[in-house]
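Following: one structure in structure tokens, then a few remarks.
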Amino acid sequence: MAERLLIRSGHVIDPANRIDGEADVLIADGKIVKVGRVSQQEIGPVCRQIDATGKLVVPGLIDIHVHFRDPGDPEEETIASGSAAAVKAGFTSVVCMPNTNPTIENETDVEYVHRKGRQARKTHVYVMGAITQGRQGLALAEMGHMAEAGAVGFSDDGNGVQDPAMMLRALRYAAMFGKVVAQHCQDNAFAAGGVMNSGYYSTILGLPGIDCLAEEAMLWRDLQLVRRTGARYHAQHISTAGSVELIRQAKKAGLPVTCEVAAHHLLLTEACCCEYDTNYKVNPPLRSEADVEALRHAIAEGLVDALVTDHAPHLQSEKELEFLAAPCGIASLECALPLHIKALIDPGVVDWPGLIRLLTVGPARVIGIDKGTLGPGKQADVTIIDPDLEYTIDINTFISKGRNCPYHGWKVRGIVDMTIVGGEIRYQRQP
Ligand code: DOR
Ligand code: ZN
């Protein structure tokens, strides 16, 4: 059974409860008892105390977009290695994407991910089921059974659902179970064969491009389907200024739409592909500076619901292929927090409560889980952060098996000191 814990004198940030100041946090039986000034009497006789002076104490971070390659590719990542990396990065909940081998597309598959997550005893592991069988876009997967097994939503991530009639059915069906449909917006008619953003750089590099239209056309189409059905819809890793504008209009119109942005789309541009380094090959591709600016602006404006890593580990041997042939993806779970600080806090896009909202209660609401706050009685998922510690990102220190990380050697600040999941200390940084 989880011990009693008192986190003393930290700077508590709990955006959902509008808390932003010094306080203690008392935890018992795996739940939050109190945030505030805790008296000796309330502490009781047996209680482990953690001094958080000078640290930030926040609701456990939530990443609703990770790839743990389990089942199927354990040399790239497993639920055990991925969830150990997650708690080191401060995440107390993650959502695995279903583009595994085999695809997560039925009740048994969902149960497999949950069971592996429980066995790992690190972070809470949630999963989205596939929208269509094999993510092929031809027939719906067993969404109802997966919903019953606890899938938090559905996505064909890696592929967009091309057929509008199929997407319409998926939205209607998911709505019957109160689940969100998350789309990797990419129209293959525009994107097929592309390996980076389409424009000046793709031209001089001689690489086939993916036009912004590929993302925006599918997002626009989906928004018409949402207007028709009223179903909950989430746009994954939006990457263009045009997508921001579509989300702005949809939210203004009151549609039940949410969106996420991945760290790499806030920090890197298409110009990074200049040396054909495949660590910059990702889907959706890195875009222009104007797109990065638009995304940062959207975050400042409050249009974005969640920040994600889209942690996508790949084997070095595969990433060493030429740019055209290498797989897409960036392994970034373990440097998520300092990257978000660099992208959003340092340039003044958001303040700390703004950032923590996008990493806690924001993503929790997208998938409809009762997490992301430190309210009394809530499950005690807590992350303690040293916001000022400076260091250099080093892939050789990663617990994740993914080494395909373009941030190796970057000087950053902000590190996770402790991660508490359900009242248990699941990670503690060794100084
Ligand atoms: O870059 C990406 N990597 N984008 C995706 O949509 C899929 C992901 C992966 O699974 O590697
Ligand atoms: Zn993804």
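Ligands are numbered from 1 in the order shown, chains are lettered A, B, ... in the order of the structure tokens, and residues start at 1 in each chain.
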List as a ChimeraX atom specification the protein and nucleic acid residues near region 120-133 of chain A, meaning an atom at most 9 Å away when only C-alpha atoms are counted, but skip any in the same chain fewer than 5 places from it.
/A:64,79-81,83-87,91-99,103-107,109-110,113-115,138-143,146-147,150-157,161,166-167,170,181-182,419-421,426-427
Quick one: pick out all helix (DSSP H, G or I) residues within region 216-286 of chain A from a backbone DSSP run and write them as a VMD selection string.
chain A and resid 216 to 229 241 to 252 264 to 267 270 to 275 278 to 280
Within 10 Å of ligand 2, counting only C-alpha atoms and all ligand atoms: which residues, as a list of chain:residue names?
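Using only C-alpha atoms and all ligand atoms, everything at most 10 Å from ligand 2 comes to A:Ile64, A:His65, A:Val66, A:His67, A:Cys96, A:Met97, A:Pro98, A:Asn99, A:Ser155, A:Asp156, A:Asp157, A:Gly158, A:Asn159, A:His184, A:Gln236, A:His237, A:Ala262, A:Val282, A:Asn283, A:Pro284, A:Val308, A:Thr309, A:Asp310, A:His311, A:Ala312, A:Cys328, A:Gly329, A:Ile330.
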Selection file, C-alpha atoms, as a PDB file, in the first residue's frame:
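Okay, part_26.pdb is ready:
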ATOM      1  CA  ILE A  64      -1.471  11.683 -25.246  1.00  0.00           C
ATOM      2  CA  HIS A  65       0.707  10.729 -28.218  1.00  0.00           C
ATOM      3  CA  VAL A  66       3.516   8.179 -27.882  1.00  0.00           C
ATOM      4  CA  HIS A  67       4.673   5.138 -29.862  1.00  0.00           C
ATOM      5  CA  CYS A  96       0.052   4.691 -26.886  1.00  0.00           C
ATOM      6  CA  MET A  97      -0.803   4.886 -30.567  1.00  0.00           C
ATOM      7  CA  PRO A  98      -2.120   1.717 -32.219  1.00  0.00           C
ATOM      8  CA  ASN A  99       0.296   1.517 -35.189  1.00  0.00           C
ATOM      9  CA  SER A 155      -6.744   6.902 -34.334  1.00  0.00           C
ATOM     10  CA  ASP A 156      -5.136   5.487 -37.468  1.00  0.00           C
ATOM     11  CA  ASP A 157      -2.070   7.615 -36.616  1.00  0.00           C
ATOM     12  CA  GLY A 158       0.599   7.321 -39.242  1.00  0.00           C
ATOM     13  CA  ASN A 159      -2.262   7.310 -41.754  1.00  0.00           C
ATOM     14  CA  HIS A 184      -3.545  12.244 -38.417  1.00  0.00           C
ATOM     15  CA  GLN A 236      -3.280  15.286 -33.961  1.00  0.00           C
ATOM     16  CA  HIS A 237       0.054  17.111 -34.332  1.00  0.00           C
ATOM     17  CA  ALA A 262       4.214  18.272 -31.060  1.00  0.00           C
ATOM     18  CA  VAL A 282       9.018  13.205 -39.364  1.00  0.00           C
ATOM     19  CA  ASN A 283       5.383  13.085 -40.369  1.00  0.00           C
ATOM     20  CA  PRO A 284       3.772  15.637 -40.546  1.00  0.00           C
ATOM     21  CA  VAL A 308       2.643  16.031 -27.144  1.00  0.00           C
ATOM     22  CA  THR A 309       5.951  14.394 -27.946  1.00  0.00           C
ATOM     23  CA  ASP A 310       4.799  12.019 -30.702  1.00  0.00           C
ATOM     24  CA  HIS A 311       7.735  10.010 -29.323  1.00  0.00           C
ATOM     25  CA  ALA A 312       8.570   7.737 -32.269  1.00  0.00           C
ATOM     26  CA  CYS A 328       9.560   9.023 -40.042  1.00  0.00           C
ATOM     27  CA  GLY A 329       9.812   9.935 -36.387  1.00  0.00           C
ATOM     28  CA  ILE A 330      11.703  11.587 -33.544  1.00  0.00           C
TER      29      ILE A 330
END
Restricting the calculation to only C-alpha atoms and all ligand atoms: of A:Ile356, A:Val226, A:Val195, A:Ala23, which residue gets closest to ligand 1?
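Among A:Ile356, A:Val226, A:Val195, A:Ala23, it is A:Val195 that comes nearest to ligand 1.
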Select from region 79-248 of chain A everything DSSP, run on the backbone, classes as strand (DSSP E), then give the selection as a list in words.
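Taking region 79-248 of chain A and keeping strand (DSSP E) gives Phe91, Thr92, Ser93, Val94, Val95, Cys96, His124, Val125, Tyr126, Val127, Met128, Gly129, Gly153, Phe154, Ser155, Val180, Val181, Ala182, Gln183, Met196, Asn197, Gly209, Ile210, Tyr233, His234 and Ala235 of chain A.
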6 Å contact set for Phe190 (chain A), only C-alpha atoms, chain neighbours under 2 positions out, as an MDAnalysis selection string:
chainID A and resid 187:188 214
Show which residues sit within 6 Å of Phe68 (chain A), as a ChimeraX atom specification. Count only C-alpha atoms, and ignore same-chain residues fewer than 2 positions away.
/A:70,77-79,82
